[in-house]
file run_38.pdb (PDB, N, CA and C atoms)
ATOM      1  N   MET J 150    -101.652  31.678  42.259
ATOM      2  CA  MET J 150    -101.149  30.528  42.987
ATOM      3  C   MET J 150    -100.497  31.023  44.271
ATOM      4  N   GLY J 151    -101.072  30.676  45.395
ATOM      5  CA  GLY J 151    -100.566  31.133  46.679
ATOM      6  C   GLY J 151     -99.682  30.080  47.334
ATOM      7  N   LEU J 152     -99.187  30.385  48.493
ATOM      8  CA  LEU J 152     -98.304  29.463  49.201
ATOM      9  C   LEU J 152     -99.049  28.233  49.712
ATOM     10  N   GLY J 153    -100.296  28.354  50.026
ATOM     11  CA  GLY J 153    -101.045  27.245  50.591
ATOM     12  C   GLY J 153    -101.637  26.313  49.561
ATOM     13  N   GLU J 154    -101.375  26.513  48.292
ATOM     14  CA  GLU J 154    -101.999  25.694  47.256
ATOM     15  C   GLU J 154    -101.163  24.479  46.863
ATOM     16  N   GLY J 155    -100.111  24.185  47.555
ATOM     17  CA  GLY J 155     -99.319  22.998  47.239
ATOM     18  C   GLY J 155     -98.369  23.203  46.079
ATOM     19  N   GLY J 156     -98.040  24.444  45.762
ATOM     20  CA  GLY J 156     -97.088  24.726  44.694
ATOM     21  C   GLY J 156     -95.685  24.319  45.113
ATOM     22  N   LEU J 157     -94.710  24.760  44.351
ATOM     23  CA  LEU J 157     -93.342  24.397  44.654
ATOM     24  C   LEU J 157     -92.908  24.949  46.001
ATOM     25  N   GLY J 158     -93.248  26.193  46.287
ATOM     26  CA  GLY J 158     -92.911  26.767  47.580
ATOM     27  C   GLY J 158     -91.476  26.461  47.963
ATOM     28  N   GLY J 159     -91.041  26.662  49.151
ATOM     29  CA  GLY J 159     -89.704  26.300  49.585
ATOM     30  C   GLY J 159     -89.741  25.562  50.894
ATOM     31  N   GLY J 160     -90.912  25.565  51.529
ATOM     32  CA  GLY J 160     -91.016  24.963  52.855
ATOM     33  C   GLY J 160     -90.687  23.486  52.877
ATOM     34  N   GLY J 161     -91.188  22.762  51.904
ATOM     35  CA  GLY J 161     -90.928  21.326  51.893
ATOM     36  C   GLY J 161     -89.465  21.009  51.688
ATOM     37  N   LEU J 162     -88.849  21.681  50.767
ATOM     38  CA  LEU J 162     -87.440  21.443  50.473
ATOM     39  C   LEU J 162     -86.565  21.880  51.643
ATOM     40  N   LEU J 163     -86.845  23.055  52.176
ATOM     41  CA  LEU J 163     -86.046  23.543  53.299
ATOM     42  C   LEU J 163     -86.208  22.643  54.522
ATOM     43  N   ALA J 164     -87.431  22.206  54.768
ATOM     44  CA  ALA J 164     -87.665  21.320  55.903
ATOM     45  C   ALA J 164     -86.936  19.991  55.707
ATOM     46  N   ALA J 165     -86.952  19.486  54.494
ATOM     47  CA  ALA J 165     -86.265  18.222  54.208
ATOM     48  C   ALA J 165     -84.759  18.371  54.400
ATOM     49  N   ARG J 166     -84.207  19.481  53.924
ATOM     50  CA  ARG J 166     -82.764  19.716  54.082
ATOM     51  C   ARG J 166     -82.391  19.859  55.545
ATOM     52  N   ALA J 167     -83.217  20.581  56.305
ATOM     53  CA  ALA J 167     -82.944  20.751  57.732
ATOM     54  C   ALA J 167     -83.022  19.410  58.454
ATOM     55  N   GLY J 168     -84.004  18.609  58.097
ATOM     56  CA  GLY J 168     -84.136  17.280  58.697
ATOM     57  C   GLY J 168     -82.939  16.402  58.394
ATOM     58  N   MET J 169     -82.459  16.476  57.169
ATOM     59  CA  MET J 169     -81.295  15.675  56.778
ATOM     60  C   MET J 169     -80.055  16.115  57.560
ATOM     61  N   ARG J 170     -79.894  17.427  57.721
ATOM     62  CA  ARG J 170     -78.763  17.928  58.503
ATOM     63  C   ARG J 170     -78.842  17.448  59.946
ATOM     64  N   MET J 171     -80.033  17.490  60.508
ATOM     65  CA  MET J 171     -80.192  17.052  61.900
ATOM     66  C   MET J 171     -79.895  15.559  62.050
ATOM     67  N   ARG J 172     -80.373  14.751  61.093
ATOM     68  CA  ARG J 172     -80.094  13.314  61.145
ATOM     69  C   ARG J 172     -78.601  13.049  60.996
ATOM     70  N   THR J 173     -77.947  13.768  60.105
ATOM     71  CA  THR J 173     -76.517  13.579  59.889
ATOM     72  C   THR J 173     -75.734  13.934  61.146
ATOM     73  N   ARG J 174     -76.087  15.049  61.766
ATOM     74  CA  ARG J 174     -75.402  15.440  63.003
ATOM     75  C   ARG J 174     -75.618  14.414  64.099
ATOM     76  N   GLN J 175     -76.838  13.916  64.220
ATOM     77  CA  GLN J 175     -77.133  12.932  65.260
ATOM     78  C   GLN J 175     -76.364  11.637  65.015
ATOM     79  N   GLN J 176     -76.275  11.217  63.756
ATOM     80  CA  GLN J 176     -75.515  10.009  63.439
ATOM     81  C   GLN J 176     -74.047  10.200  63.776
ATOM     82  N   TYR J 177     -73.502  11.377  63.462
ATOM     83  CA  TYR J 177     -72.103  11.648  63.763
ATOM     84  C   TYR J 177     -71.870  11.616  65.266
ATOM     85  N   ARG J 178     -72.766  12.254  66.013
ATOM     86  CA  ARG J 178     -72.623  12.264  67.470
ATOM     87  C   ARG J 178     -72.708  10.859  68.042
ATOM     88  N   THR J 179     -73.638  10.061  67.528
ATOM     89  CA  THR J 179     -73.791   8.697  68.008
ATOM     90  C   THR J 179     -72.543   7.874  67.715
ATOM     91  N   MET J 180     -72.022   7.998  66.500
ATOM     92  CA  MET J 180     -70.822   7.241  66.141
ATOM     93  C   MET J 180     -69.621   7.690  66.967
ATOM     94  N   SER J 181     -69.507   8.978  67.210
ATOM     95  CA  SER J 181     -68.411   9.483  68.036
ATOM     96  C   SER J 181     -68.513   8.941  69.451
ATOM     97  N   ARG J 182     -69.723   8.933  69.987
ATOM     98  CA  ARG J 182     -69.948   8.427  71.339
ATOM     99  C   ARG J 182     -69.600   6.936  71.409
ATOM    100  N   MET J 183     -69.998   6.179  70.394
ATOM    101  CA  MET J 183     -69.705   4.750  70.373
ATOM    102  C   MET J 183     -68.197   4.501  70.296
ATOM    103  N   GLN J 184     -67.491   5.307  69.485
ATOM    104  CA  GLN J 184     -66.050   5.144  69.358
ATOM    105  C   GLN J 184     -65.343   5.477  70.668
ATOM    106  N   ARG J 185     -65.802   6.536  71.344
ATOM    107  CA  ARG J 185     -65.208   6.879  72.642
ATOM    108  C   ARG J 185     -65.433   5.752  73.645
ATOM    109  N   ARG J 186     -66.632   5.167  73.618
ATOM    110  CA  ARG J 186     -66.944   4.067  74.531
ATOM    111  C   ARG J 186     -66.067   2.853  74.235
ATOM    112  N   ARG J 187     -65.896   2.543  72.945
ATOM    113  CA  ARG J 187     -65.033   1.407  72.582
ATOM    114  C   ARG J 187     -63.598   1.644  73.023
ATOM    115  N   SER J 188     -63.097   2.852  72.796
ATOM    116  CA  SER J 188     -61.730   3.170  73.185
ATOM    117  C   SER J 188     -61.560   3.070  74.693
ATOM    118  N   TYR J 189     -62.541   3.573  75.435
ATOM    119  CA  TYR J 189     -62.484   3.498  76.895
ATOM    120  C   TYR J 189     -62.439   2.052  77.361
ATOM    121  N   MET J 190     -63.317   1.229  76.796
ATOM    122  CA  MET J 190     -63.364  -0.177  77.210
ATOM    123  C   MET J 190     -62.085  -0.912  76.810
ATOM    124  N   ALA J 191     -61.562  -0.608  75.637
ATOM    125  CA  ALA J 191     -60.330  -1.257  75.196
ATOM    126  C   ALA J 191     -59.173  -0.857  76.106
ATOM    127  N   ASP J 192     -59.093   0.415  76.485
ATOM    128  CA  ASP J 192     -58.049   0.858  77.402
ATOM    129  C   ASP J 192     -58.217   0.198  78.761
ATOM    130  N   LYS J 193     -59.454   0.130  79.221
ATOM    131  CA  LYS J 193     -59.741  -0.441  80.537
ATOM    132  C   LYS J 193     -59.381  -1.923  80.593
ATOM    133  N   MET J 194     -59.625  -2.641  79.494
ATOM    134  CA  MET J 194     -59.370  -4.077  79.477
ATOM    135  C   MET J 194     -57.956  -4.410  79.008
ATOM    136  N   GLY J 195     -57.207  -3.414  78.610
ATOM    137  CA  GLY J 195     -55.823  -3.646  78.213
ATOM    138  C   GLY J 195     -55.665  -4.244  76.838
ATOM    139  N   ALA J 196     -56.642  -4.086  75.975
ATOM    140  CA  ALA J 196     -56.564  -4.687  74.643
ATOM    141  C   ALA J 196     -56.179  -3.674  73.579
ATOM    142  N   ARG J 197     -56.201  -2.415  73.893
ATOM    143  CA  ARG J 197     -55.990  -1.383  72.882
ATOM    144  C   ARG J 197     -54.616  -1.475  72.234
ATOM    145  N   GLN J 198     -53.578  -1.748  72.998
ATOM    146  CA  GLN J 198     -52.234  -1.788  72.422
ATOM    147  C   GLN J 198     -52.071  -2.956  71.454
ATOM    148  N   ASP J 199     -52.899  -3.984  71.575
ATOM    149  CA  ASP J 199     -52.797  -5.124  70.663
ATOM    150  C   ASP J 199     -53.237  -4.766  69.250
ATOM    151  N   PHE J 200     -54.071  -3.738  69.100
ATOM    152  CA  PHE J 200     -54.631  -3.402  67.804
ATOM    153  C   PHE J 200     -54.268  -1.987  67.389
ATOM    154  N   SER J 201     -53.053  -1.577  67.688
ATOM    155  CA  SER J 201     -52.629  -0.239  67.295
ATOM    156  C   SER J 201     -52.459  -0.185  65.777
ATOM    157  N   GLN J 202     -52.491   1.013  65.246
ATOM    158  CA  GLN J 202     -52.343   1.196  63.810
ATOM    159  C   GLN J 202     -50.921   0.817  63.395
ATOM    160  N   PRO J 203     -50.745   0.331  62.175
ATOM    161  CA  PRO J 203     -49.406  -0.049  61.710
ATOM    162  C   PRO J 203     -48.455   1.141  61.789
ATOM    163  N   GLY J 204     -47.270   0.877  62.339
ATOM    164  CA  GLY J 204     -46.261   1.913  62.422
ATOM    165  C   GLY J 204     -46.286   2.685  63.732
ATOM    166  N   GLU J 205     -47.279   2.512  64.557
ATOM    167  CA  GLU J 205     -47.345   3.251  65.820
ATOM    168  C   GLU J 205     -46.391   2.670  66.852
ATOM    169  N   ALA J 206     -46.470   1.391  67.076
ATOM    170  CA  ALA J 206     -45.658   0.775  68.117
ATOM    171  C   ALA J 206     -44.958  -0.463  67.569
ATOM    172  N   VAL J 207     -44.252  -0.299  66.487
ATOM    173  CA  VAL J 207     -43.590  -1.434  65.846
ATOM    174  C   VAL J 207     -42.501  -1.997  66.745
ATOM    175  N   ALA J 208     -41.786  -1.137  67.457
ATOM    176  CA  ALA J 208     -40.700  -1.594  68.323
ATOM    177  C   ALA J 208     -41.236  -2.445  69.468
ATOM    178  N   GLU J 209     -42.430  -2.147  69.968
ATOM    179  CA  GLU J 209     -42.987  -2.908  71.065
ATOM    180  C   GLU J 209     -43.539  -4.260  70.614
ATOM    181  N   GLU J 210     -44.003  -4.371  69.389
ATOM    182  CA  GLU J 210     -44.618  -5.607  68.919
ATOM    183  C   GLU J 210     -43.604  -6.707  68.669
ATOM    184  N   ALA J 211     -42.425  -6.377  68.227
ATOM    185  CA  ALA J 211     -41.433  -7.383  67.874
ATOM    186  C   ALA J 211     -41.079  -8.299  69.050
ATOM    187  N   PRO J 212     -40.756  -7.790  70.245
ATOM    188  CA  PRO J 212     -40.436  -8.695  71.345
ATOM    189  C   PRO J 212     -41.663  -9.436  71.884
ATOM    190  N   ALA J 213     -42.833  -8.882  71.736
ATOM    191  CA  ALA J 213     -44.029  -9.506  72.293
ATOM    192  C   ALA J 213     -44.429 -10.767  71.529
ATOM    193  N   ALA J 214     -44.186 -10.833  70.231
ATOM    194  CA  ALA J 214     -44.616 -11.973  69.425
ATOM    195  C   ALA J 214     -43.941 -13.283  69.842
ATOM    196  N   PRO J 215     -42.614 -13.339  70.036
ATOM    197  CA  PRO J 215     -42.010 -14.607  70.458
ATOM    198  C   PRO J 215     -42.482 -15.047  71.845
ATOM    199  N   ALA J 216     -42.716 -14.091  72.756
ATOM    200  CA  ALA J 216     -43.169 -14.448  74.089
ATOM    201  C   ALA J 216     -44.567 -15.076  74.034
ATOM    202  N   ALA J 217     -45.433 -14.514  73.187
ATOM    203  CA  ALA J 217     -46.787 -15.051  73.070
ATOM    204  C   ALA J 217     -46.768 -16.425  72.415
ATOM    205  N   ALA J 218     -45.885 -16.629  71.434
ATOM    206  CA  ALA J 218     -45.813 -17.915  70.751
ATOM    207  C   ALA J 218     -45.262 -18.990  71.684
ATOM    208  N   ALA J 219     -44.361 -18.596  72.585
ATOM    209  CA  ALA J 219     -43.762 -19.566  73.488
ATOM    210  C   ALA J 219     -44.723 -19.949  74.607
ATOM    211  N   GLY J 220     -45.578 -19.024  75.024
ATOM    212  CA  GLY J 220     -46.475 -19.276  76.151
ATOM    213  C   GLY J 220     -47.791 -19.893  75.730
ATOM    214  N   ASP J 221     -48.709 -19.924  76.655
ATOM    215  CA  ASP J 221     -50.034 -20.470  76.406
ATOM    216  C   ASP J 221     -50.908 -19.384  75.788
ATOM    217  N   TYR J 222     -51.308 -19.551  74.545
ATOM    218  CA  TYR J 222     -52.066 -18.517  73.834
ATOM    219  C   TYR J 222     -53.572 -18.746  73.894
ATOM    220  N   THR J 223     -54.012 -19.828  74.492
ATOM    221  CA  THR J 223     -55.457 -20.076  74.545
ATOM    222  C   THR J 223     -56.171 -19.044  75.417
ATOM    223  N   ALA J 224     -55.552 -18.643  76.513
ATOM    224  CA  ALA J 224     -56.167 -17.626  77.378
ATOM    225  C   ALA J 224     -56.288 -16.305  76.631
ATOM    226  N   GLU J 225     -55.257 -15.984  75.861
ATOM    227  CA  GLU J 225     -55.285 -14.742  75.072
ATOM    228  C   GLU J 225     -56.395 -14.801  74.016
ATOM    229  N   LEU J 226     -56.548 -15.940  73.364
ATOM    230  CA  LEU J 226     -57.607 -16.086  72.366
ATOM    231  C   LEU J 226     -58.992 -16.011  73.006
ATOM    232  N   GLU J 227     -59.139 -16.573  74.191
ATOM    233  CA  GLU J 227     -60.429 -16.480  74.890
ATOM    234  C   GLU J 227     -60.754 -15.037  75.249
ATOM    235  N   LYS J 228     -59.740 -14.298  75.698
ATOM    236  CA  LYS J 228     -59.951 -12.888  76.034
ATOM    237  C   LYS J 228     -60.332 -12.088  74.791
ATOM    238  N   LEU J 229     -59.662 -12.363  73.683
ATOM    239  CA  LEU J 229     -59.970 -11.663  72.431
ATOM    240  C   LEU J 229     -61.370 -12.023  71.929
ATOM    241  N   ALA J 230     -61.762 -13.284  72.080
ATOM    242  CA  ALA J 230     -63.102 -13.695  71.657
ATOM    243  C   ALA J 230     -64.168 -12.989  72.487
ATOM    244  N   LYS J 231     -63.892 -12.824  73.770
ATOM    245  CA  LYS J 231     -64.840 -12.111  74.635
ATOM    246  C   LYS J 231     -64.968 -10.657  74.192
ATOM    247  N   LEU J 232     -63.835 -10.025  73.885
ATOM    248  CA  LEU J 232     -63.870  -8.633  73.404
ATOM    249  C   LEU J 232     -64.642  -8.529  72.090
ATOM    250  N   ARG J 233     -64.447  -9.513  71.206
ATOM    251  CA  ARG J 233     -65.158  -9.516  69.935
ATOM    252  C   ARG J 233     -66.667  -9.664  70.156
ATOM    253  N   ASP J 234     -67.043 -10.565  71.048
ATOM    254  CA  ASP J 234     -68.462 -10.796  71.325
ATOM    255  C   ASP J 234     -69.125  -9.581  71.965
ATOM    256  N   GLU J 235     -68.354  -8.815  72.752
ATOM    257  CA  GLU J 235     -68.885  -7.611  73.387
ATOM    258  C   GLU J 235     -68.915  -6.426  72.436
ATOM    259  N   GLY J 236     -68.281  -6.559  71.286
ATOM    260  CA  GLY J 236     -68.284  -5.482  70.311
ATOM    261  C   GLY J 236     -67.160  -4.475  70.505
ATOM    262  N   VAL J 237     -66.205  -4.773  71.373
ATOM    263  CA  VAL J 237     -65.092  -3.854  71.606
ATOM    264  C   VAL J 237     -64.141  -3.875  70.417
ATOM    265  N   ILE J 238     -63.917  -5.055  69.854
ATOM    266  CA  ILE J 238     -63.079  -5.181  68.664
ATOM    267  C   ILE J 238     -63.907  -5.814  67.550
ATOM    268  N   THR J 239     -63.455  -5.621  66.335
ATOM    269  CA  THR J 239     -64.174  -6.178  65.194
ATOM    270  C   THR J 239     -63.730  -7.621  64.949
ATOM    271  N   ALA J 240     -64.500  -8.327  64.141
ATOM    272  CA  ALA J 240     -64.144  -9.703  63.790
ATOM    273  C   ALA J 240     -62.837  -9.732  63.004
ATOM    274  N   ASP J 241     -62.603  -8.716  62.166
ATOM    275  CA  ASP J 241     -61.348  -8.650  61.405
ATOM    276  C   ASP J 241     -60.153  -8.484  62.333
ATOM    277  N   ASP J 242     -60.298  -7.634  63.363
ATOM    278  CA  ASP J 242     -59.223  -7.453  64.334
ATOM    279  C   ASP J 242     -58.943  -8.765  65.066
ATOM    280  N   PHE J 243     -60.010  -9.478  65.423
ATOM    281  CA  PHE J 243     -59.859 -10.754  66.110
ATOM    282  C   PHE J 243     -59.103 -11.749  65.241
ATOM    283  N   GLU J 244     -59.507 -11.848  63.975
ATOM    284  CA  GLU J 244     -58.847 -12.800  63.070
ATOM    285  C   GLU J 244     -57.378 -12.443  62.860
ATOM    286  N   ALA J 245     -57.080 -11.149  62.737
ATOM    287  CA  ALA J 245     -55.687 -10.718  62.537
ATOM    288  C   ALA J 245     -54.835 -11.084  63.758
ATOM    289  N   LYS J 246     -55.347 -10.827  64.935
ATOM    290  CA  LYS J 246     -54.605 -11.126  66.152
ATOM    291  C   LYS J 246     -54.464 -12.632  66.341
ATOM    292  N   LYS J 247     -55.512 -13.388  65.986
ATOM    293  CA  LYS J 247     -55.452 -14.845  66.100
ATOM    294  C   LYS J 247     -54.358 -15.408  65.196
ATOM    295  N   LYS J 248     -54.306 -14.900  63.970
ATOM    296  CA  LYS J 248     -53.266 -15.354  63.044
ATOM    297  C   LYS J 248     -51.879 -15.000  63.565
ATOM    298  N   GLN J 249     -51.770 -13.828  64.178
ATOM    299  CA  GLN J 249     -50.479 -13.417  64.734
ATOM    300  C   GLN J 249     -50.073 -14.349  65.880
ATOM    301  N   LEU J 250     -51.015 -14.664  66.753
ATOM    302  CA  LEU J 250     -50.717 -15.537  67.883
ATOM    303  C   LEU J 250     -50.370 -16.953  67.441
ATOM    304  N   LEU J 251     -51.083 -17.441  66.438
ATOM    305  CA  LEU J 251     -50.841 -18.806  65.972
ATOM    306  C   LEU J 251     -49.671 -18.906  65.003
ATOM    307  N   GLY J 252     -49.161 -17.766  64.563
ATOM    308  CA  GLY J 252     -48.018 -17.761  63.663
ATOM    309  C   GLY J 252     -48.376 -18.163  62.237
ATOM    310  N   ILE J 253     -49.591 -17.874  61.842
ATOM    311  CA  ILE J 253     -50.054 -18.244  60.494
ATOM    312  C   ILE J 253     -49.711 -17.124  59.521
TER     313      ILE J 253
END

call {"tool": "encode", "arguments": {"input": "run_38.pdb", "output": "structure tokens"}}
result
Amino acid sequence: MGLGEGGLGGGGLLAARAGMRMRTRQQYRTMSRMQRRRSYMADKMGARQDFSQPGEAVAEEAPAAPAAAAGDYTAELEKLAKLRDEGVITADDFEAKKKQLLGI
């Protein structure tokens, strides 16, 4: 039984493993690139601070909530909806911020 007879060999398995590694690396690179692009756009549009991780800027959020509730929040909701539609923020982030603005 030689290598060319379709036996177990190692070429198929090794090629499959190498292909899987290449696909995994490409997916990681693509996701990293997409995240960098989202972060850049969020920073550019001024929306990033609205969706910071819990505990990062707790002191800054407390005074901002009463000001937003007192003012006109429809413009803020329209801006957030635009960001959601463009894919900069997720639908969950939009809903969380909407509830915060509406005081729900």

call {"tool": "atom_distance", "arguments": {"input": "run_38.pdb", "atom1": "atom N of Ser188 (chain J)", "atom2": "atom N of Ile238 (chain J)"}}
result
8.5 Å

call {"tool": "atom_distance", "arguments": {"input": "run_38.pdb", "atom1": "CA of Ala230 (chain J)", "atom2": "CA of Glu244 (chain J)"}}
result
9.6 Å

call {"tool": "atom_distance", "arguments": {"input": "run_38.pdb", "atom1": "CA of Asp242 (chain J)", "atom2": "atom C of Arg182 (chain J)"}}
result
19.1 Å

call {"tool": "resolve_selection", "arguments": {"input": "run_38.pdb", "expression": "the PyMOL selection byres (((chain J and resi 229 and name CA) around 12) and name CA)", "output": "MDAnalysis selection string"}}
result
chainID J and resid 191 194:197 199:200 222:228 230:247 250
